[in-house]
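See below for upload.cif, which holds mmCIF, C-alpha atoms.
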data_structure
loop_
_atom_site.label_atom_id
_atom_site.label_comp_id
_atom_site.auth_asym_id
_atom_site.auth_seq_id
_atom_site.Cartn_x
_atom_site.Cartn_y
_atom_site.Cartn_z
CA MET E 1 -24.38 23.06 3.15
CA LEU E 2 -26.44 20.22 4.55
CA SER E 3 -30.20 20.49 4.46
CA ARG E 4 -30.63 19.92 8.18
CA ILE E 5 -28.67 18.99 11.26
CA TRP E 6 -28.61 15.38 12.42
CA ASP E 7 -31.18 14.91 15.17
CA VAL E 8 -31.99 11.47 16.49
CA THR E 9 -35.00 12.80 18.41
CA ILE E 10 -37.09 13.28 15.27
CA PRO E 11 -39.55 12.28 13.96
CA ARG E 12 -41.43 12.55 17.23
CA ASP E 13 -44.21 10.26 18.29
CA THR E 14 -46.64 13.12 17.92
CA GLU E 15 -46.00 13.26 14.18
CA LEU E 16 -49.06 12.52 12.03
CA ALA E 17 -49.20 8.88 11.02
CA GLY E 18 -49.91 9.95 7.48
CA ASN E 19 -46.43 11.49 7.32
CA GLY E 20 -44.78 8.12 7.87
CA ASP E 21 -43.73 7.69 4.23
CA ASP E 22 -42.40 11.27 4.13
CA GLU E 23 -40.28 10.63 7.21
CA ILE E 24 -38.84 7.44 5.72
CA ARG E 25 -37.86 9.33 2.56
CA THR E 26 -36.42 12.12 4.66
CA LEU E 27 -34.32 9.62 6.59
CA LYS E 28 -33.00 8.07 3.38
CA SER E 29 -32.12 11.52 2.08
CA GLU E 30 -30.35 12.39 5.31
CA LEU E 31 -28.30 9.20 5.26
CA LYS E 32 -27.32 9.83 1.64
CA GLU E 33 -26.48 13.45 2.35
CA HIS E 34 -24.12 12.56 5.16
CA LEU E 35 -22.54 9.58 3.43
CA GLU E 36 -21.86 11.40 0.19
CA GLN E 37 -19.65 13.96 1.87
CA ASP E 38 -16.81 11.48 1.46
CA HIS E 39 -18.43 8.52 -0.30
CA PHE E 40 -19.99 7.92 -3.68
CA MET E 41 -23.78 7.78 -3.58
CA ASP E 42 -24.44 8.60 -7.21
CA GLY E 43 -26.48 5.54 -8.07
CA VAL E 44 -23.67 3.43 -9.57
CA ILE E 45 -24.38 -0.08 -8.29
CA ASP E 46 -21.54 -2.12 -9.85
CA PRO E 47 -18.81 -2.78 -7.26
CA LEU E 48 -16.31 -3.25 -10.09
CA GLN E 49 -16.61 0.45 -10.87
CA GLY E 50 -14.48 2.77 -8.80
CA ASN E 51 -17.40 5.14 -8.25
CA CYS E 52 -19.86 2.50 -7.02
CA ASP E 53 -22.11 3.65 -4.19
CA GLY E 54 -20.35 3.26 -0.85
CA TYR E 55 -16.78 3.57 -2.13
CA HIS E 56 -14.83 6.57 -0.95
CA ARG E 57 -14.80 9.64 -3.14
CA LYS E 58 -12.15 11.16 -0.89
CA ILE E 59 -11.15 11.00 2.73
CA THR E 60 -11.46 14.17 4.72
CA LEU E 61 -9.52 13.76 7.93
CA PHE E 62 -10.11 16.16 10.77
CA PRO E 63 -7.21 16.27 13.23
CA GLN E 64 -7.54 14.04 16.26
CA GLU E 65 -5.59 13.36 19.38
CA ALA E 66 -3.21 10.43 19.06
CA PRO E 67 -5.14 7.26 19.95
CA VAL E 68 -4.68 5.82 23.43
CA SER E 69 -5.84 2.41 22.27
CA ILE E 70 -6.29 0.60 19.00
CA PRO E 71 -8.94 -2.08 18.37
CA ALA E 72 -7.46 -5.56 18.26
CA GLY E 73 -5.92 -6.45 14.92
CA ALA E 74 -6.48 -3.00 13.44
CA GLY E 75 -4.46 0.01 12.35
CA ILE E 76 -5.56 3.65 12.39
CA LEU E 77 -4.87 6.29 9.76
CA GLN E 78 -5.63 9.82 10.86
CA THR E 79 -4.30 13.35 11.00
CA THR E 80 -2.77 14.47 14.25
CA LEU E 81 -1.85 18.03 15.15
CA LYS E 82 1.91 18.54 15.28
CA ASN E 83 2.85 22.12 16.11
CA THR E 84 -0.69 23.16 15.11
CA GLN E 85 -0.25 21.55 11.68
CA PRO E 86 -2.36 18.49 10.85
CA GLU E 87 -0.03 15.68 9.79
CA LEU E 88 -0.96 12.30 8.38
CA CYS E 89 -0.07 9.52 10.83
CA PHE E 90 -0.52 5.77 10.97
CA TYR E 91 -0.87 3.95 14.28
CA LYS E 92 -0.57 0.24 14.91
CA ASN E 93 0.00 -2.16 17.76
CA GLN E 94 3.55 -3.40 17.82
CA ASN E 95 4.60 -4.00 21.41
CA GLY E 96 2.50 -0.97 22.29
CA ILE E 97 1.12 1.73 20.06
CA VAL E 98 3.55 2.77 17.35
CA GLU E 99 3.10 6.10 15.60
CA ILE E 100 4.46 6.51 12.10
CA GLN E 101 4.24 10.13 11.01
CA ILE E 102 3.84 10.09 7.25
CA THR E 103 3.92 13.83 6.63
CA LYS E 104 5.81 16.67 8.25
CA ASP E 105 5.14 20.36 7.62
CA GLY E 106 2.70 19.24 4.99
CA ALA E 107 5.22 17.25 2.96
CA LEU E 108 6.52 13.70 3.04
CA ASN E 109 8.23 13.06 6.35
CA LEU E 110 11.71 11.67 5.81
CA ASP E 111 12.74 11.83 9.45
CA GLY E 112 12.49 8.08 9.82
CA PHE E 113 14.78 7.46 6.89
CA LEU E 114 18.45 7.54 7.67
CA LEU E 115 21.29 7.81 5.24
CA ARG E 116 23.85 5.10 4.98
CA ASN E 117 27.22 5.76 6.51
CA THR E 118 25.85 7.81 9.37
CA ALA E 119 26.21 6.84 12.98
CA THR E 120 22.51 6.18 13.33
CA LEU E 121 22.15 4.09 10.23
CA ALA E 122 19.49 1.42 10.50
CA GLU E 123 21.50 -0.82 8.28
CA ALA E 124 20.05 -3.80 6.55
CA GLU E 125 21.47 -7.16 7.37
CA GLY E 126 23.44 -8.46 4.48
CA ALA E 127 24.57 -4.95 3.57
CA SER E 128 27.13 -4.68 0.80
CA ILE E 129 26.32 -8.12 -0.45
CA ILE E 130 28.63 -9.33 -3.16
CA LYS E 131 27.69 -12.46 -4.96
CA SER E 132 29.09 -14.28 -7.91
CA PHE E 133 27.31 -16.40 -10.46
CA SER E 134 28.29 -18.99 -12.95
CA PRO E 135 28.09 -18.34 -16.70
CA ASN E 136 25.25 -20.84 -16.91
CA GLN E 137 22.97 -18.76 -14.72
CA GLN E 138 21.11 -16.13 -16.68
CA SER E 139 19.21 -14.15 -14.10
CA VAL E 140 19.56 -12.83 -10.60
CA THR E 141 16.76 -11.77 -8.28
CA LEU E 142 16.88 -9.18 -5.54
CA SER E 143 14.31 -8.99 -2.78
CA ALA E 144 14.04 -7.25 0.55
CA ASN E 145 11.93 -7.96 3.60
CA LYS E 146 11.06 -4.32 4.11
CA LYS E 147 11.08 -1.12 2.16
CA MET E 148 14.45 0.36 1.51
CA PHE E 149 16.50 2.14 -1.08
CA VAL E 150 19.21 -0.13 -2.43
CA LEU E 151 22.21 0.74 -4.52
CA VAL E 152 23.21 -1.97 -6.96
CA ASP E 153 26.41 -2.42 -8.95
CA PHE E 154 26.98 -5.02 -11.64
CA LEU E 155 30.21 -6.41 -12.96
CA ILE E 156 30.35 -8.72 -15.94
CA ILE E 157 33.52 -10.42 -16.91
CA SER E 158 34.49 -12.18 -20.10
CA ALA E 159 33.77 -15.83 -19.68
CA GLN E 160 36.41 -18.44 -20.15
CA SER E 161 34.44 -20.26 -22.78
CA VAL E 162 31.18 -19.70 -24.55
CA GLY E 163 30.74 -22.69 -26.72
CA SER E 164 32.24 -23.88 -29.88
CA GLY E 165 32.96 -21.31 -32.53
CA LEU E 166 30.91 -18.45 -31.09
CA ASP E 167 31.65 -15.09 -29.62
CA ARG E 168 29.06 -13.82 -27.24
CA ALA E 169 28.10 -10.27 -26.36
CA GLY E 170 27.17 -9.54 -22.78
CA TYR E 171 24.47 -7.47 -21.18
CA VAL E 172 22.42 -6.82 -18.06
CA LYS E 173 18.72 -6.21 -18.54
CA TYR E 174 15.78 -5.39 -16.34
CA ASN E 175 12.32 -6.06 -17.79
CA ASP E 176 13.90 -6.38 -21.23
CA ILE E 177 15.44 -2.94 -20.89
CA THR E 178 19.18 -3.09 -21.39
CA LEU E 179 21.01 -1.41 -18.55
CA PHE E 180 24.34 -1.87 -20.24
CA SER E 181 25.98 -4.19 -22.71
CA CYS E 182 29.32 -5.11 -24.15
CA THR E 183 30.79 -7.05 -27.01
CA GLY E 184 32.20 -10.49 -26.62
CA ASN E 185 35.70 -9.24 -27.06
CA LEU E 186 36.59 -7.12 -24.08
CA SER E 187 40.24 -6.98 -24.86
CA SER E 188 40.17 -3.22 -25.28
CA ARG E 189 39.09 -2.67 -21.71
CA THR E 190 41.58 -1.89 -19.04
CA PRO E 191 41.95 -5.08 -17.03
CA HIS E 192 40.40 -4.93 -13.61
CA PRO E 193 43.04 -5.45 -10.90
CA LEU E 194 41.09 -8.34 -9.45
CA TYR E 195 38.73 -9.59 -12.07
CA GLY E 196 40.51 -9.14 -15.35
CA THR E 197 38.73 -7.88 -18.43
CA TYR E 198 35.40 -6.48 -17.43
CA VAL E 199 32.47 -4.13 -17.97
CA ASN E 200 30.55 -2.69 -15.08
CA GLY E 201 27.37 -0.82 -14.40
CA CYS E 202 27.24 1.15 -11.20
CA ASN E 203 24.86 3.06 -8.99
CA TYR E 204 21.50 1.65 -10.00
CA LEU E 205 19.11 2.90 -7.35
CA LEU E 206 16.13 0.72 -6.46
CA PHE E 207 13.28 1.41 -4.12
CA MET E 208 12.34 -1.99 -2.80
CA ASN E 209 9.07 -2.99 -1.18
CA PRO E 210 8.73 -6.19 0.83
CA SER E 211 6.31 -7.65 -1.69
CA GLU E 212 8.49 -6.89 -4.68
CA THR E 213 11.33 -8.68 -6.38
CA PHE E 214 13.68 -7.29 -8.98
CA THR E 215 14.92 -9.77 -11.53
CA PHE E 216 17.84 -8.88 -13.75
CA SER E 217 18.77 -11.05 -16.69
CA PHE E 218 22.35 -11.19 -17.78
CA ILE E 219 24.63 -12.82 -20.27
CA THR E 220 28.32 -12.86 -19.68
CA PRO E 221 30.45 -11.96 -22.65
CA GLY E 222 33.14 -14.15 -24.05
CA ILE E 223 35.37 -14.87 -26.94
CA ARG E 224 36.44 -18.15 -28.27
CA THR E 225 40.04 -17.18 -28.38
CA THR E 226 41.35 -17.37 -24.89
CA GLN E 227 44.21 -14.90 -24.96
CA TYR E 228 43.16 -13.31 -21.68
CA GLN E 229 42.29 -16.51 -19.90
CA GLN E 230 45.84 -17.62 -20.16
CA GLN E 231 47.21 -14.69 -18.27
CA PRO E 232 47.62 -15.42 -14.59
CA GLY E 233 45.49 -13.33 -12.26
CA MET E 234 42.93 -12.29 -14.84
CA PHE E 235 40.21 -14.42 -13.28
CA ILE E 236 39.73 -15.19 -9.67
CA GLY E 237 37.84 -18.40 -10.23
CA SER E 238 37.24 -20.85 -12.95
CA THR E 239 33.56 -19.96 -13.36
CA THR E 240 33.32 -16.42 -12.01
CA SER E 241 31.89 -14.19 -14.67
CA PHE E 242 29.14 -12.08 -13.15
CA LYS E 243 29.06 -10.21 -9.88
CA ILE E 244 26.44 -8.14 -8.21
CA THR E 245 26.89 -5.81 -5.29
CA ALA E 246 23.86 -4.61 -3.38
CA ALA E 247 23.94 -2.23 -0.48
CA PRO E 248 21.18 -0.39 1.34
CA LEU E 249 21.52 3.30 0.72
CA VAL E 250 18.56 4.38 2.78
CA THR E 251 16.44 2.19 4.96
CA TYR E 252 13.62 2.89 7.33
CA ASN E 253 14.58 3.16 10.96
CA ASP E 254 12.20 0.57 12.30
CA THR E 255 12.65 -1.74 15.25
CA THR E 256 14.10 -4.54 13.18
CA HIS E 257 16.74 -4.52 10.50
CA GLY E 258 15.95 -5.25 6.93
CA VAL E 259 17.44 -8.08 4.95
CA ILE E 260 18.41 -8.09 1.29
CA THR E 261 18.32 -11.41 -0.48
CA ILE E 262 20.09 -12.18 -3.74
CA SER E 263 19.30 -15.42 -5.48
CA MET S 1 -21.06 -1.78 22.72
CA LEU S 2 -23.21 -1.04 19.70
CA SER S 3 -26.86 -1.92 19.36
CA GLU S 4 -27.34 -4.92 17.14
CA TYR S 5 -28.01 -3.87 13.56
CA LYS S 6 -31.09 -5.79 12.50
CA ILE S 7 -32.47 -5.44 9.02
CA SER S 8 -35.42 -7.70 9.85
CA THR S 9 -37.08 -5.12 12.10
CA PRO S 10 -39.61 -3.59 12.44
CA TYR S 11 -41.74 -6.69 12.07
CA PRO S 12 -44.96 -6.61 10.03
CA THR S 13 -46.81 -7.36 13.24
CA ASP S 14 -45.50 -4.24 15.00
CA TYR S 15 -47.94 -1.51 15.79
CA PHE S 16 -47.98 1.25 13.23
CA SER S 17 -47.86 3.74 16.06
CA GLN S 18 -44.24 2.62 16.60
CA VAL S 19 -43.16 3.71 13.14
CA PHE S 20 -41.53 6.94 14.29
CA ALA S 21 -39.81 5.25 17.20
CA ASN S 22 -38.43 2.74 14.70
CA LEU S 23 -37.20 5.53 12.48
CA ARG S 24 -35.46 7.20 15.39
CA PHE S 25 -33.87 3.91 16.37
CA THR S 26 -32.66 3.44 12.81
CA LYS S 27 -30.97 6.83 12.98
CA GLU S 28 -29.38 5.92 16.31
CA MET S 29 -28.03 2.65 14.90
CA PHE S 30 -26.57 4.51 11.94
CA GLU S 31 -25.09 7.21 14.15
CA GLU S 32 -23.38 4.91 16.57
CA ARG S 33 -21.68 3.07 13.71
CA TYR S 34 -20.93 6.09 11.56
CA THR S 35 -19.42 8.09 14.41
CA LEU S 36 -16.84 5.44 15.19
CA ASP S 37 -14.74 6.90 12.37
CA HIS S 38 -16.78 9.91 11.24
CA HIS S 39 -18.25 12.94 12.82
CA LEU S 40 -21.86 13.93 12.31
CA ASN S 41 -23.04 17.45 11.98
CA GLU S 42 -25.41 17.99 14.88
CA THR S 43 -25.16 21.73 15.42
CA ASP S 44 -24.74 23.62 12.17
CA THR S 45 -25.68 22.71 8.62
CA ALA S 46 -22.66 24.65 7.37
CA LEU S 47 -20.35 22.18 9.09
CA THR S 48 -20.02 19.26 6.74
CA ASP S 49 -19.25 15.73 7.80
CA GLY S 50 -15.96 14.00 7.38
CA HIS S 51 -13.70 11.34 8.77
CA ASP S 52 -12.09 11.58 12.17
CA LYS S 53 -9.90 8.62 11.35
CA LEU S 54 -9.82 5.39 9.40
CA THR S 55 -9.81 2.31 11.58
CA MET S 56 -8.95 -0.65 9.39
CA LYS S 57 -8.93 -4.17 10.68
CA GLY S 58 -5.97 -6.13 9.42
CA ILE S 59 -7.03 -8.73 6.90
CA THR S 60 -5.39 -11.65 5.21
CA ILE S 61 -5.91 -11.64 1.48
CA ASN S 62 -8.11 -14.57 0.63
CA THR S 63 -9.72 -14.69 -2.77
CA LEU S 64 -12.19 -17.29 -1.52
CA VAL S 65 -13.61 -15.02 1.13
CA ASP S 66 -16.12 -12.42 0.13
CA LYS S 67 -14.83 -9.79 2.54
CA MET S 68 -11.39 -9.58 0.99
CA PRO S 69 -10.52 -6.04 -0.07
CA TYR S 70 -11.17 -6.54 -3.76
CA PRO S 71 -14.57 -7.04 -5.38
CA ILE S 72 -15.13 -10.25 -7.29
CA ASN S 73 -15.94 -9.96 -10.96
CA PRO S 74 -19.06 -12.16 -11.23
CA GLU S 75 -18.28 -13.02 -14.85
CA THR S 76 -14.75 -14.24 -14.27
CA GLY S 77 -14.93 -15.15 -10.59
CA VAL S 78 -11.66 -13.31 -10.14
CA ALA S 79 -11.03 -10.50 -7.69
CA GLU S 80 -9.96 -7.25 -9.27
CA LEU S 81 -9.52 -3.58 -8.57
CA PRO S 82 -12.54 -1.42 -9.35
CA ALA S 83 -12.06 0.46 -12.60
CA ASN S 84 -10.21 3.72 -12.03
CA GLY S 85 -9.98 2.95 -8.33
CA VAL S 86 -7.26 2.27 -5.81
CA ILE S 87 -7.64 0.65 -2.40
CA LEU S 88 -6.03 1.48 0.89
CA PHE S 89 -6.30 -1.21 3.54
CA CYS S 90 -4.48 -2.92 6.40
CA LYS S 91 -2.94 -6.22 5.46
CA LEU S 92 -1.90 -8.77 8.04
CA VAL S 93 1.72 -9.71 7.42
CA ASN S 94 3.23 -12.10 9.92
CA GLY S 95 0.46 -11.12 12.30
CA LYS S 96 1.20 -7.40 12.01
CA CYS S 97 -0.90 -4.71 10.38
CA GLN S 98 0.73 -3.17 7.33
CA LEU S 99 -0.87 -0.17 5.68
CA THR S 100 -1.18 -1.32 2.10
CA TYR S 101 -1.91 0.52 -1.11
CA ALA S 102 -3.26 -1.42 -4.05
CA ALA S 103 -3.25 0.06 -7.53
CA LYS S 104 -2.42 -0.70 -11.13
CA ASP S 105 0.96 0.39 -12.40
CA ASN S 106 1.71 2.03 -15.73
CA THR S 107 1.62 -1.37 -17.44
CA ASN S 108 -1.87 -2.00 -16.03
CA ALA S 109 -0.46 -4.70 -13.79
CA PHE S 110 -2.05 -5.02 -10.37
CA LYS S 111 0.30 -4.31 -7.48
CA GLU S 112 0.13 -4.10 -3.72
CA PHE S 113 2.52 -1.84 -1.86
CA GLU S 114 2.94 -2.41 1.83
CA VAL S 115 3.56 1.20 2.74
CA LEU S 116 4.00 1.06 6.49
#
Just give me the structure of the file as structure tokens.
Amino acid sequence: MLSRIWDVTIPRDTELAGNGDDEIRTLKSELKEHLEQDHFMDGVIDPLQGNCDGYHRKITLFPQEAPVSIPAGAGILQTTLKNTQPELCFYKNQNGIVEIQITKDGALNLDGFLLRNTATLAEAEGASIIKSFSPNQQSVTLSANKKMFVLVDFLIISAQSVGSGLDRAGYVKYNDITLFSCTGNLSSRTPHPLYGTYVNGCNYLLFMNPSETFTFSFITPGIRTTQYQQQPGMFIGSTTSFKITAAPLVTYNDTTHGVITIS
Amino acid sequence: MLSEYKISTPYPTDYFSQVFANLRFTKEMFEERYTLDHHLNETDTALTDGHDKLTMKGITINTLVDKMPYPINPETGVAELPANGVILFCKLVNGKCQLTYAAKDNTNAFKEFEVL
């Protein structure tokens, strides 16, 4: 409960001059009382503290009509009534006012996200990217220009040579966490019809933001003895030893397609 | 248009009899700014204030400009997130406003997520 309603007609000119200091204190109290409904006003004065005076304590959003205009260069976050339910929406200028409804029926709104392999898929350009890398390369980076869920498969193949006198185990890691690994000798594996002796890791699901990159480090396995290299058809290229397949599983149905980049 | 917000008024030379008018004008200046995004309780003290909306001007992150979204640590001269705080703001990306959420992840690394 607030101590008094906001009234810009007081103090009146007929107020006693001796009450001037009281009225100034009252005004400061009123300002604090209104601000601290949603903002910190607890006397913390260090802006490096999350509860510094002026920062938001919370954001109470009373439902509004959808905006008919947006100030230049700005976006608006508000709640808008949808079937009598307040839903969180973001509005921005993008060839007219664009509404992005963040919640629906009080939960995260997934209406804008469309599953892959449906007729209305907003498919990323470069979908189902397959890229090969040489044994000398030891990392691969994925990035996207917009948010999307991406399904990634890896395929590592025994290299043709790994240096003198050494066998080499293979692996794929993300942030030093091993996703999967294999020994240098892959002879026990069933040969892949296209790629020969191999180990794969499938169905790694990433949620990619435009500002993020995912870097995977890898080492291709190999054995010094070259029994499998000599068999025709086991390798499709002289240096092919690592493959990555990336495909958008779910992407946001915006006005432009997303792009996955592998480098 | 808003009234200009002057912190240099009232002047020492103003008549004291204007003190209450100045106070009322101060309240008006606050109200016209506050009510752009908030509503003010003017009828019932049981009705608390709150936001109507958040209008956020798109900004380009620039650590050399004071009005960037992150406060500068005066000891290090480096911008950082307030302790135990997160920031929601509109970031200009290729000239378009992107609703952006800035927070520290579980490794205490600072991250920005362009949400929408």
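Take the candidates E:Tyr198, E:Tyr55, E:Tyr174, E:Phe40 and check each one against Leu88 in chain S using all atoms listed in the file; the shortest distance goes to E:Tyr55.
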Quick one: pull the distance between CA of Arg12 in chain E and CA of Phe20 in chain S, Å, one decimal. 6.3 Å
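The environment of Ala21 in chain S within 8 Å, counting only C-alpha atoms and disregarding residues fewer than 3 places along the same chain, consists of Pro11, Arg12 and Asp13 of chain E; Gln18, Arg24 and Phe25 of chain S.
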Could you list, as a ChimeraX atom specification, every residue of chain E that has an atom within 9 Å of an atom of chain S, counting all atoms listed in the file? /E:1-15,17,20,23-24,27,31,34-35,37-38,47-52,59-64,70-79,90,92-94,100,146-147,209-212
Please write the residues from the selection above to a file, keeping C-alpha atoms, as a compact mmCIF listing (two decimals), in the coordinates of the input.
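Result file follows (part19.txt):
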# COMPACT_ATOMS: atom_id res chain seq x y z
CA MET E 1 -24.38 23.06 3.15
CA LEU E 2 -26.44 20.22 4.55
CA SER E 3 -30.20 20.49 4.46
CA ARG E 4 -30.63 19.92 8.18
CA ILE E 5 -28.67 18.99 11.26
CA TRP E 6 -28.61 15.38 12.42
CA ASP E 7 -31.18 14.91 15.17
CA VAL E 8 -31.99 11.47 16.49
CA THR E 9 -35.00 12.80 18.41
CA ILE E 10 -37.09 13.28 15.27
CA PRO E 11 -39.55 12.28 13.96
CA ARG E 12 -41.43 12.55 17.23
CA ASP E 13 -44.21 10.26 18.29
CA THR E 14 -46.64 13.12 17.92
CA GLU E 15 -46.00 13.26 14.18
CA ALA E 17 -49.20 8.88 11.02
CA GLY E 20 -44.78 8.12 7.87
CA GLU E 23 -40.28 10.63 7.21
CA ILE E 24 -38.84 7.44 5.72
CA LEU E 27 -34.32 9.62 6.59
CA LEU E 31 -28.30 9.20 5.26
CA HIS E 34 -24.12 12.56 5.16
CA LEU E 35 -22.54 9.58 3.43
CA GLN E 37 -19.65 13.96 1.87
CA ASP E 38 -16.81 11.48 1.46
CA PRO E 47 -18.81 -2.78 -7.26
CA LEU E 48 -16.31 -3.25 -10.09
CA GLN E 49 -16.61 0.45 -10.87
CA GLY E 50 -14.48 2.77 -8.80
CA ASN E 51 -17.40 5.14 -8.25
CA CYS E 52 -19.86 2.50 -7.02
CA ILE E 59 -11.15 11.00 2.73
CA THR E 60 -11.46 14.17 4.72
CA LEU E 61 -9.52 13.76 7.93
CA PHE E 62 -10.11 16.16 10.77
CA PRO E 63 -7.21 16.27 13.23
CA GLN E 64 -7.54 14.04 16.26
CA ILE E 70 -6.29 0.60 19.00
CA PRO E 71 -8.94 -2.08 18.37
CA ALA E 72 -7.46 -5.56 18.26
CA GLY E 73 -5.92 -6.45 14.92
CA ALA E 74 -6.48 -3.00 13.44
CA GLY E 75 -4.46 0.01 12.35
CA ILE E 76 -5.56 3.65 12.39
CA LEU E 77 -4.87 6.29 9.76
CA GLN E 78 -5.63 9.82 10.86
CA THR E 79 -4.30 13.35 11.00
CA PHE E 90 -0.52 5.77 10.97
CA LYS E 92 -0.57 0.24 14.91
CA ASN E 93 0.00 -2.16 17.76
CA GLN E 94 3.55 -3.40 17.82
CA ILE E 100 4.46 6.51 12.10
CA LYS E 146 11.06 -4.32 4.11
CA LYS E 147 11.08 -1.12 2.16
CA ASN E 209 9.07 -2.99 -1.18
CA PRO E 210 8.73 -6.19 0.83
CA SER E 211 6.31 -7.65 -1.69
CA GLU E 212 8.49 -6.89 -4.68
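The two atoms in question, CA of Asp176 in chain E and CA of Asn108 in chain S, are spaced 17.2 Å apart.
Here CA of Thr213 in chain E stands at a distance of 15.3 Å from CA of Ala247 in chain E.
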Identify which of the residues S:Thr13, S:Leu2, S:Ile61, S:Gly77 lies closest to Arg33 in chain S, counting only C-alpha atoms when measuring atom-to-atom distances. S:Leu2
